[in-house]
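A short worksheet on the structure shown next.
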Amino acid sequence: RQKMFRRAPRTLHALARRPRQRLCSTVAGGSRPALTTPTEEQEMLVDSVSKFAQQHVLPHVAKMDADAKLEPEMLTNLFSEGLMGIEIPEKYGGAGMSFTDSILTIEELAKVDPAIAVIVDIQNTLINLAFLENGTEEIKEKWLPRLATDTLASFCLSESSAGSDAFSLKTTATPIDGGFRINGSKLWISNAAEAGVFVVFANADPSKGYKGITAFVVPRDAPGLIIGKKEDKLGIRASSTCEVVFDGVEVKNEDILGELGKGYKIAIETLNPGRIGIGAQMVGLARGTYDAAMRYILERKQFGKSVADFQGMQFAFAQADTDIEAARLLVLNAAALRESDQPYRHIHAHHLQLCLSATVH
């Protein structure tokens, strides 16, 4: 177990090839296990990710937060552990595991550092899924092996005037011979400082409104792509958040992800599972904070006894534990619904509200 992710492709592939039982699958006799009951493979996954987080992330958390910068070896370790291509099929160099496996991984990492968790979240629930579900075979063969083994990616949608109203973006993609020329800028782009490839949303036909929006795959070394100001954030500081400028960046027709004018659809369909990942991040953060606080109140003495023995503290911690577990159930349920191709968007507001409530506690 301790070395499950060492030489990631071989060991993760071996795990992925074992007969799998989903968290909500039917078992003998027609009964269902609880949503929170993991399979044997998922227990091994969580155990391995936990060990990785304790050994390779925890020692660097304080310094990375203070410096607002990733430790140089962190990305290398995440890739070598197989954590950046969890759902990417084995034929492209990934682990070929499930969406729920990605969610469990994000949650476990967030218990130690939500900044590292969000890096893994964006790669697995946004970028990899966007390539898997919308890329041509040529794009998949070119990028999926890199996304699984050595290349971080960024999702470039938000702009100064396109935050909550994401489809009012001003970045344009003007048709040229054999492709498009992208001009504009994006703000608050996670992972931008370290990314090797960008999924960029630009309007190829502004006259059509949001139906002109198209998604493009743009490598970091494309002429005219500039990484701008890095935001000085209050939290999640090890994860870079930057402006990204596109000054006449030229892309080919084959760099379109999905179909021309269907970028808005890709954005919606990608952001929905991404929100489940953020829910898992918040649950992990809340649980990690709760566990740390519990250790403290058991050690802290006041008036001759442990703080944990005071009934008022017990009420507060019981409520916090209940909120965290309720949020976790909603996140796991959303993941299970997505895996079984059932609607899950209706629970986003509820699970995020509970996650935030649990975190505040």
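FYI, nothing fancy with the structure tokens labels: chains A, B, ... in order, residues from 1 per chain, ligands from 1 as they appear.
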
Name the residues of range 197-277 of chain A that come out as strand (DSSP E or B) in a backbone DSSP run; write them as a PyMOL selection string. chain A and resi 197-203+213-219+225-230+241-252+256-257

Find the residues of range 83-199 of chain A that sit at most 8 Å from range 259-282 of chain A; for each, write down the nearest two atoms and how far apart they are in Å, to one decimal. Count only C-alpha atoms. Sort by chain, then by number going up, and give it as CSV.
```
residue,atom,partner,partner_atom,distance
A:Ser102,CA,A:Gly277,CA,7.9
A:Ile103,CA,A:Gly277,CA,5.8
A:Leu104,CA,A:Ala280,CA,7.4
A:Ile106,CA,A:Gln281,CA,5.8
A:Glu107,CA,A:Ala280,CA,4.8
A:Leu109,CA,A:Gln281,CA,8.0
A:Ala110,CA,A:Gln281,CA,5.4
A:Pro114,CA,A:Gln281,CA,6.2
A:Ala117,CA,A:Gln281,CA,6.4
A:Val118,CA,A:Gln281,CA,6.9
A:Asp121,CA,A:Gly277,CA,5.8
A:Ile122,CA,A:Gly274,CA,7.1
A:Thr125,CA,A:Gly274,CA,5.0
A:Leu126,CA,A:Gly274,CA,5.5
A:Leu129,CA,A:Thr270,CA,6.9
A:Ala130,CA,A:Thr270,CA,6.1
A:Asn134,CA,A:Ile266,CA,7.6
A:Phe167,CA,A:Tyr264,CA,7.1
```

For a quick check of understanding, using only C-alpha atoms, which of A:Thr151, A:Thr171, A:Thr100, A:Thr39 has the smallest distance to Leu332 in chain A?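 Using only C-alpha atoms, Leu332 in chain A sits closest to A:Thr100.
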
Pick out the closest residue to Leu147 in chain A from this set: A:Ile88, A:Ala34, A:Leu70, A:Val199. Count only C-alpha atoms.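 Once distances to Leu147 in chain A are computed over only C-alpha atoms, the minimum belongs to A:Ile88.
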
When you look at Ala238 in chain A with a cut-off of 12 Å (counting only C-alpha atoms), what residues show up, excluding the ones that are within fewer than 5 positions of it in the same chain? I need them as a ChimeraX atom specification. /A:57,60-72,74-75,113-119,190-194,230-233
